[in-house]
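Chemist: Take a look at start-v4.txt, compact mmCIF, C-alpha atoms and all ligand atoms:
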```txt
# COMPACT_ATOMS: atom_id res chain seq x y z
CA MET A 1 81.15 141.37 106.94
CA HIS A 2 83.77 142.36 109.49
CA SER A 3 83.30 144.37 112.66
CA LEU A 4 85.72 145.20 115.44
CA GLY A 5 85.72 142.75 118.36
CA ALA A 6 86.28 143.73 122.01
CA ASP A 7 89.96 142.75 121.76
CA GLY A 8 90.54 144.96 118.70
CA TYR A 9 90.60 142.06 116.23
CA ASN A 10 88.04 142.16 113.47
CA THR A 11 85.31 139.62 114.01
CA ALA A 12 85.01 137.45 110.96
CA SER A 13 81.34 136.63 110.83
CA VAL A 14 80.96 136.08 107.13
CA ASP A 15 77.84 133.91 106.91
CA GLY A 16 79.87 131.23 105.18
CA VAL A 17 80.72 133.53 102.29
CA MET A 18 84.35 133.57 101.28
CA ASN A 19 85.86 137.04 101.45
CA GLN A 20 88.72 137.08 98.94
CA ALA A 21 89.61 140.74 99.53
CA VAL A 22 91.18 140.51 102.99
CA PRO A 23 92.61 137.26 104.35
CA LEU A 24 91.33 136.23 107.76
CA LEU A 25 94.81 134.84 108.37
CA ARG A 26 98.01 135.85 106.60
CA ILE A 27 101.03 133.65 107.25
CA SER A 28 104.31 135.30 106.22
CA GLY A 29 107.82 133.85 106.27
CA LEU A 30 106.87 131.32 108.93
CA GLN A 31 109.78 129.27 110.25
CA MET A 32 109.74 126.53 112.86
CA GLU A 33 112.92 124.82 113.94
CA PHE A 34 113.34 122.05 116.47
CA VAL A 35 116.71 121.61 118.13
CA SER A 36 117.32 117.97 118.95
CA SER A 37 118.19 117.48 122.59
CA THR A 38 121.71 116.20 122.92
CA SER A 39 121.99 112.81 124.50
CA LEU A 40 124.73 111.96 127.01
CA LEU A 41 126.52 110.01 124.28
CA SER A 42 126.34 112.98 121.90
CA ARG A 43 127.74 115.25 124.59
CA LEU A 44 130.58 112.80 125.29
CA VAL A 45 131.59 112.76 121.62
CA ARG A 46 131.03 116.56 121.54
CA ARG A 47 128.43 116.39 118.80
CA ARG A 48 126.72 119.69 118.13
CA ASN A 49 123.00 120.19 118.61
CA GLU A 50 121.21 119.48 115.38
CA THR A 51 118.53 121.77 114.03
CA LEU A 52 115.57 120.29 112.22
CA VAL A 53 113.74 122.76 110.01
CA ALA A 54 110.10 121.65 110.06
CA ILE A 55 108.65 124.84 108.52
CA ASP A 56 110.93 126.82 106.26
CA GLY A 57 109.45 130.11 105.12
CA VAL A 58 105.74 129.44 104.63
CA ASP A 59 103.66 132.18 103.03
CA LEU A 60 99.95 131.43 102.88
CA ASP A 61 96.62 133.28 103.12
CA VAL A 62 93.44 131.82 104.57
CA PHE A 63 90.26 133.64 103.56
CA ALA A 64 87.20 133.99 105.78
CA GLY A 65 84.60 131.34 105.10
CA GLU A 66 86.75 129.17 102.86
CA ALA A 67 87.78 125.55 103.22
CA LEU A 68 91.51 125.39 102.52
CA GLY A 69 93.11 121.98 102.11
CA ILE A 70 96.75 121.40 103.05
CA VAL A 71 98.32 118.25 101.61
CA GLY A 72 101.78 116.74 101.50
CA GLU A 73 103.73 113.63 102.41
CA SER A 74 104.45 112.60 105.95
CA GLY A 75 107.00 114.97 107.52
CA SER A 76 106.27 117.87 105.16
CA GLY A 77 105.32 120.07 108.12
CA LYS A 78 101.52 120.11 107.95
CA SER A 79 100.91 119.46 111.66
CA THR A 80 103.69 121.81 112.72
CA LEU A 81 102.11 124.56 110.62
CA ALA A 82 98.70 123.75 112.15
CA ARG A 83 100.12 123.97 115.66
CA CYS A 84 101.82 127.29 114.92
CA ILE A 85 98.51 128.69 113.63
CA ALA A 86 96.64 127.40 116.68
CA GLY A 87 99.22 128.95 119.01
CA LEU A 88 100.44 125.60 120.37
CA TYR A 89 103.96 126.22 119.02
CA GLU A 90 105.82 129.51 119.07
CA PRO A 91 107.33 129.88 115.59
CA THR A 92 111.06 130.52 115.34
CA ALA A 93 110.44 133.37 112.87
CA GLY A 94 107.73 134.92 110.72
CA THR A 95 104.36 136.50 111.41
CA LEU A 96 100.73 135.49 111.63
CA VAL A 97 98.30 138.32 110.97
CA TYR A 98 94.79 137.41 112.09
CA ALA A 99 91.78 139.60 111.28
CA GLY A 100 94.06 142.54 110.57
CA LYS A 101 96.42 142.34 113.57
CA VAL A 102 99.66 140.51 114.30
CA LEU A 103 99.03 137.59 116.64
CA PRO A 104 101.13 138.07 119.78
CA ARG A 105 103.54 135.34 120.91
CA ARG A 106 101.43 134.76 124.01
CA ARG A 107 97.80 134.88 123.04
CA PRO A 108 95.15 136.04 125.49
CA ALA A 109 92.30 133.56 126.09
CA SER A 110 89.88 135.67 124.06
CA LEU A 111 92.14 135.20 121.03
CA ARG A 112 92.97 131.53 121.63
CA ARG A 113 89.26 130.72 121.44
CA ARG A 114 89.00 131.99 117.90
CA ILE A 115 91.30 129.37 116.38
CA GLN A 116 90.66 125.77 117.38
CA ILE A 117 92.22 122.51 116.27
CA VAL A 118 90.92 118.95 115.97
CA PHE A 119 93.61 116.26 115.93
CA GLN A 120 94.05 113.04 114.02
CA ASP A 121 93.74 110.67 116.97
CA PRO A 122 90.64 111.48 119.02
CA TYR A 123 91.49 108.79 121.58
CA ALA A 124 94.80 110.44 122.44
CA SER A 125 93.27 113.91 122.64
CA LEU A 126 90.42 112.98 125.03
CA ASN A 127 90.85 112.43 128.76
CA PRO A 128 90.00 108.72 129.34
CA ARG A 129 88.68 109.50 132.85
CA MET A 130 86.12 112.05 131.71
CA THR A 131 82.69 111.40 130.22
CA VAL A 132 81.51 113.16 127.10
CA GLU A 133 79.46 115.56 129.21
CA GLN A 134 82.36 116.33 131.55
CA THR A 135 84.73 116.84 128.60
CA VAL A 136 82.53 119.39 126.86
CA LYS A 137 81.27 121.13 130.00
CA GLU A 138 84.81 121.49 131.32
CA ILE A 139 85.67 123.65 128.30
CA LEU A 140 82.48 125.69 128.73
CA GLY A 141 83.40 126.23 132.38
CA VAL A 142 87.13 126.91 132.10
CA HIS A 143 86.66 129.51 129.43
CA ASN A 144 83.39 130.86 130.83
CA VAL A 145 82.00 130.73 127.32
CA VAL A 146 78.41 130.63 128.57
CA PRO A 147 76.95 131.47 132.01
CA ARG A 148 76.59 128.50 134.39
CA GLN A 149 72.79 128.34 134.02
CA ARG A 150 73.08 128.06 130.22
CA ARG A 151 75.74 125.31 130.18
CA GLU A 152 73.35 122.36 130.15
CA ALA A 153 71.43 123.79 127.18
CA ARG A 154 74.64 124.65 125.34
CA PHE A 155 75.97 121.13 125.92
CA ARG A 156 72.78 119.68 124.35
CA GLU A 157 73.12 122.07 121.41
CA LEU A 158 76.69 120.96 120.82
CA MET A 159 75.69 117.27 120.97
CA ASP A 160 73.02 118.01 118.35
CA LEU A 161 75.48 119.93 116.20
CA VAL A 162 77.89 116.99 116.00
CA ARG A 163 74.98 114.52 115.77
CA LEU A 164 75.65 112.59 118.95
CA GLY A 165 72.64 111.18 120.79
CA PRO A 166 71.98 112.43 124.38
CA GLU A 167 72.39 108.83 125.65
CA LEU A 168 76.16 109.17 125.01
CA ALA A 169 76.54 112.04 127.51
CA SER A 170 77.66 109.67 130.28
CA ALA A 171 79.94 107.52 128.09
CA TYR A 172 83.71 107.40 128.53
CA PRO A 173 86.01 107.58 125.46
CA ARG A 174 86.73 103.81 125.61
CA GLN A 175 82.99 103.14 125.24
CA LEU A 176 82.76 105.15 122.02
CA SER A 177 83.59 104.25 118.43
CA GLY A 178 86.39 106.14 116.65
CA GLY A 179 83.87 108.24 114.76
CA GLN A 180 81.95 109.11 117.97
CA ARG A 181 85.21 110.12 119.67
CA GLN A 182 86.07 112.42 116.79
CA ARG A 183 82.59 113.98 117.09
CA VAL A 184 83.30 114.66 120.78
CA SER A 185 86.60 116.31 119.82
CA ILE A 186 84.77 118.46 117.30
CA ALA A 187 82.10 119.39 119.89
CA ARG A 188 84.84 120.37 122.34
CA ALA A 189 86.46 122.61 119.71
CA LEU A 190 83.10 124.14 118.75
CA ALA A 191 82.27 124.83 122.40
CA LEU A 192 84.66 127.76 122.19
CA GLU A 193 82.78 129.20 119.19
CA PRO A 194 85.86 129.46 116.97
CA GLU A 195 85.99 131.35 113.69
CA LEU A 196 88.77 129.21 112.29
CA LEU A 197 88.75 125.43 112.74
CA ILE A 198 91.85 123.44 111.82
CA ALA A 199 91.22 119.74 111.23
CA ASP A 200 94.55 117.88 111.22
CA GLU A 201 93.90 114.62 109.38
CA PRO A 202 90.65 114.13 111.31
CA VAL A 203 89.67 110.95 109.49
CA SER A 204 93.04 109.23 108.93
CA ALA A 205 92.74 107.14 112.11
CA LEU A 206 89.12 106.13 111.43
CA ASP A 207 87.59 103.16 109.61
CA VAL A 208 86.95 103.90 105.97
CA SER A 209 83.24 103.28 106.60
CA VAL A 210 82.95 106.27 108.97
CA GLN A 211 85.37 108.64 107.25
CA ALA A 212 82.72 110.04 104.87
CA SER A 213 80.30 110.82 107.71
CA ILE A 214 82.93 112.92 109.54
CA LEU A 215 83.87 114.73 106.31
CA ASN A 216 80.19 115.47 105.65
CA LEU A 217 79.78 116.70 109.21
CA LEU A 218 82.68 119.14 108.81
CA ALA A 219 81.28 120.39 105.49
CA ASP A 220 77.83 120.93 107.05
CA LEU A 221 79.24 122.65 110.14
CA ARG A 222 81.21 125.04 107.97
CA GLN A 223 78.06 126.06 106.13
CA GLN A 224 75.85 126.17 109.22
CA LEU A 225 78.25 128.11 111.46
CA GLY A 226 80.07 130.17 108.81
CA LEU A 227 83.36 128.60 109.89
CA THR A 228 86.64 128.97 108.09
CA LEU A 229 88.17 125.51 107.73
CA VAL A 230 91.79 124.48 107.28
CA PHE A 231 91.69 120.81 106.45
CA ILE A 232 94.92 118.80 106.52
CA ALA A 233 95.26 115.52 104.66
CA HIS A 234 97.93 113.21 103.29
CA ASP A 235 95.96 112.58 100.25
CA LEU A 236 94.67 114.89 97.53
CA SER A 237 91.58 112.78 96.89
CA VAL A 238 90.22 113.56 100.38
CA VAL A 239 90.40 117.33 99.90
CA HIS A 240 88.85 117.22 96.46
CA HIS A 241 85.23 117.34 97.58
CA LEU A 242 85.60 119.34 100.76
CA CYS A 243 87.95 122.20 99.87
CA GLY A 244 87.76 125.19 97.55
CA ARG A 245 91.51 125.81 97.51
CA VAL A 246 94.47 123.57 98.17
CA ALA A 247 98.02 124.26 99.36
CA VAL A 248 100.64 121.58 98.68
CA MET A 249 103.54 121.33 101.13
CA TYR A 250 106.94 119.79 100.51
CA LEU A 251 109.73 119.63 103.09
CA GLY A 252 108.49 122.56 105.17
CA ARG A 253 107.45 124.85 102.35
CA VAL A 254 104.26 125.56 100.42
CA VAL A 255 105.14 124.72 96.80
CA GLU A 256 101.75 125.20 95.11
CA VAL A 257 98.43 126.87 95.95
CA ALA A 258 95.39 127.00 93.69
CA GLU A 259 91.65 126.63 93.44
CA VAL A 260 90.88 122.93 93.70
CA GLY A 261 89.78 122.65 90.04
CA ALA A 262 92.92 124.37 88.73
CA LEU A 263 95.14 122.24 90.93
CA PHE A 264 93.63 118.98 89.71
CA ASP A 265 93.26 119.97 86.05
CA ASP A 266 96.46 121.94 85.59
CA PRO A 267 99.00 121.25 88.35
CA ARG A 268 102.10 123.39 87.81
CA HIS A 269 104.61 121.98 90.30
CA PRO A 270 106.28 118.64 89.43
CA TYR A 271 105.63 117.47 93.01
CA THR A 272 101.88 118.10 92.73
CA GLN A 273 101.92 116.41 89.32
CA GLY A 274 103.52 113.37 90.96
CA LEU A 275 101.01 113.31 93.83
CA LEU A 276 98.15 113.43 91.34
CA ARG A 277 99.62 110.64 89.20
CA SER A 278 99.61 108.34 92.20
CA ILE A 279 95.90 108.60 93.00
CA PRO A 280 93.09 106.86 91.14
CA SER A 281 91.42 109.02 88.51
CA LEU A 282 88.78 111.04 90.30
CA VAL A 283 86.83 111.54 87.13
CA HIS A 284 86.69 108.02 85.79
CA GLY A 285 87.34 106.05 88.96
CA GLU A 286 90.34 104.35 87.34
CA GLN A 287 93.23 102.99 89.35
CA SER A 288 96.55 104.60 88.41
CA SER A 289 99.48 102.31 87.59
CA GLU A 290 101.95 105.21 87.37
CA VAL A 291 104.58 105.93 90.00
CA GLY A 292 103.71 109.13 91.90
CA VAL A 293 106.80 110.80 93.30
CA ALA A 294 109.94 108.69 93.05
CA GLY A 295 112.32 108.30 96.00
CA ASP A 296 112.16 109.64 99.54
CA PRO A 297 112.25 113.24 100.74
CA PRO A 298 115.65 114.53 101.95
CA SER A 299 116.29 114.90 105.67
CA PRO A 300 114.83 118.05 107.24
CA PHE A 301 118.18 118.32 109.06
CA ALA A 302 119.84 119.00 105.68
CA ILE A 303 117.51 120.76 103.26
CA PRO A 304 119.13 120.81 99.78
CA SER A 305 120.43 124.05 98.28
CA GLY A 306 118.45 125.58 95.45
CA CYS A 307 115.12 123.87 94.92
CA ARG A 308 114.33 121.50 97.77
CA PHE A 309 112.53 119.13 95.39
CA ARG A 310 115.45 118.76 92.95
CA SER A 311 116.64 115.34 94.19
CA ARG A 312 113.28 113.83 93.15
CA CYS A 313 112.30 116.09 90.29
CA PRO A 314 112.03 114.47 86.85
CA ILE A 315 112.68 117.79 85.05
CA ALA A 316 115.42 119.30 87.25
CA GLN A 317 117.93 121.58 85.46
CA PRO A 318 121.32 123.01 86.58
CA LEU A 319 119.56 126.23 87.67
CA CYS A 320 117.57 124.21 90.22
CA MET A 321 120.77 123.50 92.17
CA GLU A 322 121.64 127.18 92.34
CA GLU A 323 118.42 129.07 92.98
CA ASP A 324 115.59 128.47 95.41
CA PRO A 325 112.38 129.12 93.42
CA ALA A 326 109.93 131.59 94.98
CA LEU A 327 106.15 131.10 94.93
CA GLU A 328 105.16 132.86 91.73
CA VAL A 329 101.49 133.71 91.22
CA VAL A 330 99.85 133.67 87.79
CA ASP A 331 96.09 134.24 87.63
CA GLY A 332 95.66 133.32 91.29
CA HIS A 333 97.57 130.02 90.86
CA ALA A 334 100.88 129.96 92.79
CA ALA A 335 103.77 127.56 92.23
CA ALA A 336 107.38 127.50 93.44
CA CYS A 337 109.21 126.05 90.44
CA HIS A 338 111.52 127.83 87.99
CA PHE A 339 109.69 126.19 85.11
CA ALA A 340 106.13 126.17 86.44
CA TRP A 341 104.89 128.45 83.71
CA THR A 342 107.13 127.33 80.86
CA VAL A 343 107.44 123.51 81.02
CA ARG A 344 104.36 121.29 80.93
N1 LIG A 401 107.89 118.33 118.53
C1 LIG A 401 108.81 118.03 117.60
N2 LIG A 401 110.11 117.88 117.91
C2 LIG A 401 111.03 117.59 116.97
N3 LIG A 401 110.75 117.40 115.66
C3 LIG A 401 109.45 117.52 115.29
C4 LIG A 401 108.42 117.83 116.23
N4 LIG A 401 107.23 117.88 115.57
C5 LIG A 401 107.51 117.60 114.28
N5 LIG A 401 108.84 117.38 114.12
C6 LIG A 401 109.53 117.10 112.84
O1 LIG A 401 109.16 118.13 111.94
C7 LIG A 401 108.94 117.62 110.64
C8 LIG A 401 107.52 117.93 110.22
O2 LIG A 401 106.65 117.15 111.03
P1 LIG A 401 105.08 117.28 110.97
O3 LIG A 401 104.52 116.41 112.03
O4 LIG A 401 104.70 118.72 111.01
O5 LIG A 401 104.77 116.69 109.52
P2 LIG A 401 103.38 116.24 108.90
O6 LIG A 401 103.36 116.79 107.52
O7 LIG A 401 102.27 116.62 109.80
O8 LIG A 401 103.54 114.66 108.83
P3 LIG A 401 102.40 113.52 108.98
O9 LIG A 401 101.69 113.51 107.65
O10 LIG A 401 103.18 112.28 109.23
O11 LIG A 401 101.49 113.90 110.10
C9 LIG A 401 109.23 116.13 110.72
O12 LIG A 401 110.55 115.91 110.28
C10 LIG A 401 109.07 115.81 112.19
O13 LIG A 401 109.89 114.72 112.56
S1 LIG A 402 112.67 124.31 90.34
FE1 LIG A 402 113.67 122.68 89.21
S2 LIG A 402 113.93 120.97 90.66
FE2 LIG A 402 112.45 122.40 91.50
S3 LIG A 402 110.49 121.60 90.92
FE3 LIG A 402 111.06 123.10 89.36
S4 LIG A 402 112.15 121.96 87.78
FE4 LIG A 402 112.02 120.64 89.58
MG MG A 403 100.78 115.52 110.80
```
Any chance you could put this one into structure tokens?

Modeler:
Amino acid sequence: MHSLGADGYNTASVDGVMNQAVPLLRISGLQMEFVSSTSLLSRLVRRRNETLVAIDGVDLDVFAGEALGIVGESGSGKSTLARCIAGLYEPTAGTLVYAGKVLPRRRPASLRRRIQIVFQDPYASLNPRMTVEQTVKEILGVHNVVPRQRREARFRELMDLVRLGPELASAYPRQLSGGQRQRVSIARALALEPELLIADEPVSALDVSVQASILNLLADLRQQLGLTLVFIAHDLSVVHHLCGRVAVMYLGRVVEVAEVGALFDDPRHPYTQGLLRSIPSLVHGEQSSEVGVAGDPPSPFAIPSGCRFRSRCPIAQPLCMEEDPALEVVDGHAAACHFAWTVR
């Protein structure tokens, strides 16, 4: 159900039900370039500034109430995309349409609240000189999310939501475990009552023993609060249980998007097929001995002509050097490969 918020954006309170008709967020032609700062030496030898293309024409929809996984190798642009969505980076080109309206370059506070991000390293994202209570209450105060007299109660609610005991209120980040720190980061993001929560590899820096508890917490919070979740991971096996749909990124571009079952059972892009070959069988728990994706990705300073995956693709053809394949959608399954629907 959508109704119009005070700022003119539809409010996306969907009771955890995915609304496939209208995307909560539509990302179109998104581009993010970084220009490397020229060093003194570079200037002396008159080297030009170099442009790194981190995001190169991403088209992607996020539906209200869904959990969308984004996977890809290191450097494929997952975090840059997340930061563009959260408004931390101003994209070089492209548009983000949120709840029916184009997001402005400079977002008002009321809009910034709606999309929150949790980072990979909770230690780096928390102020070491602030206790848990100060960290969460600061957000409640700065954004005036709740009146002063309600802040104590809201703080306790948030601690309950992320399953942190009240005895940790006076603890500093260094006194907490990695999992507890990530719970504080999640509480801080939830304090702003977001509709869309982006979790950028939230368990990669944690011990394997606590990873599952954070993943379960995110799954429960999504249900309980009706959140839309964008969950970023290196690894397809992590998104398998948590996400309903998955987008695969390669060198700054989304190359495949599908329902999680379709992606695992019938991957259409050779890159996704390679990623899946490299993980243990999820069905039988077998360890794979096959090589996943051979070689290294090309430099983002020099993205290849034609298909960007061609230097590593086991089925590349002459056409792949000439033409950049577009994301083609068949029965709700999208893949950017000239032969996605003809070669198996
Ligand atoms: N602030 C920045 N300045 C310059 N280059 C950047 C910046 N942030 C990212 N990049 C570059 O953009 C590309 C994409 O990086 P990004 O961090 O988005 O990838 P990622 O998929 O999140 O990787 P990882 O899995 O390692 O987190 C990389 O080549 C990276 O070096
Ligand atoms: S377009 Fe060509 S190079 Fe690219 S993934 Fe498909 S077959 Fe491989
Ligand atoms: Mg990243």

Chemist: Using only C-alpha atoms and all ligand atoms, which residues of the polymer chains come no farther than 6 Å from ligand LIG 401 (chain A)? I'd like the answer as JSON, numbers by chain.

Modeler: {"A": [34, 54, 73, 74, 75, 76, 77, 78, 79, 80, 234, 300]}

Chemist: Quick one: residues within 7 Å of Glu323 in chain A, only C-alpha atoms, excluding same-chain residues fewer than 2 positions away - as a list in words?

Modeler: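 Within the cut-off, the hits are Gly306, Cys307, Leu319, Cys320, Met321 and Pro325 of chain A.
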
Chemist: Could you give me, as a PyMOL selection string, the residues that have an atom at most 9 Å away from the point (84.2, 129.6, 115.8) in the coordinates of the file, using only C-alpha atoms?

Modeler: chain A and resi 113-116+189-197+225-228

Chemist: Select, from A:Glu259, A:Asp235, A:Glu201, A:Asp266, the residue with the minimum atom-to-atom distance to ligand MG 403 (chain A), counting all atoms listed in the file.

Modeler: A:Glu201

Chemist: Just to confirm, what's the straight-line distance from CA of Ile214 in chain A to CA of Glu138 in chain A in Å (one decimal)?

Modeler: 23.5 Å

Chemist: Pick from A:Ala212, A:Leu275, A:Ala99, A:Ala205: nearest to ligand MG 403 (chain A), with all atoms listed in the file counted?

Modeler: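 Smallest distance to ligand MG 403 (chain A) is found for A:Ala205.
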
Chemist: I'd like the neighbourhood of Ser28 in chain A as a list in words, where a residue qualifies if any of its atoms comes within 10 Å (using all atoms listed in the file), though same-chain residues fewer than 4 positions away should be ignored.

Modeler: Gly57, Val58, Asp59, Leu60, Asp61, Ala93, Gly94, Thr95, Leu96 and Val97 of chain A

Chemist: CA of Asp200 in chain A and CA of Gln120 in chain A, how far apart in Å?

Modeler: 5.6 Å

Chemist: Dump as CSV the rows for residues of chain A within 8 Å of ligand LIG 402 (chain A): closest atom pair and distance in Å with one decimal, only C-alpha atoms and all ligand atoms counted, ordered by chain and rising residue number.

Modeler:
```
residue,atom,partner,partner_atom,distance
A:His269,CA,A:LIG402,S3,5.9
A:Pro270,CA,A:LIG402,S3,5.4
A:Tyr271,CA,A:LIG402,S3,6.7
A:Gly306,CA,A:LIG402,S1,7.8
A:Cys307,CA,A:LIG402,FE2,4.6
A:Arg308,CA,A:LIG402,FE2,6.6
A:Phe309,CA,A:LIG402,FE2,5.1
A:Arg310,CA,A:LIG402,S2,3.5
A:Ser311,CA,A:LIG402,S2,7.2
A:Arg312,CA,A:LIG402,S2,7.6
A:Cys313,CA,A:LIG402,FE4,4.6
A:Pro314,CA,A:LIG402,FE4,6.7
A:Ile315,CA,A:LIG402,S4,5.0
A:Ala316,CA,A:LIG402,S2,4.1
A:Gln317,CA,A:LIG402,FE1,5.8
A:Leu319,CA,A:LIG402,FE1,7.0
A:Cys320,CA,A:LIG402,FE1,4.3
A:Met321,CA,A:LIG402,S2,7.4
A:Glu323,CA,A:LIG402,S1,7.9
A:Asp324,CA,A:LIG402,S1,7.2
A:Pro325,CA,A:LIG402,S1,5.7
A:Ala336,CA,A:LIG402,S1,6.9
A:Cys337,CA,A:LIG402,FE3,3.6
A:His338,CA,A:LIG402,S1,4.4
A:Phe339,CA,A:LIG402,FE3,5.4
A:Ala340,CA,A:LIG402,FE3,6.5
```

Chemist: Measuring atom to atom with all atoms listed in the file, identify which of A:Thr92, A:Ser36, A:Thr272, A:Ser204 is nearest to ligand MG 403 (chain A).

Modeler: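 When distances to ligand MG 403 (chain A) are compared using all atoms listed in the file, the smallest one comes from A:Ser204.
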
Chemist: Rank A:Leu158, A:Leu88, A:Leu111, A:Val184 by their smallest atom-to-atom distance to Leu126 in chain A, using only C-alpha atoms, and report the top residue only.

Modeler: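 Smallest distance to Leu126 in chain A is found for A:Val184.
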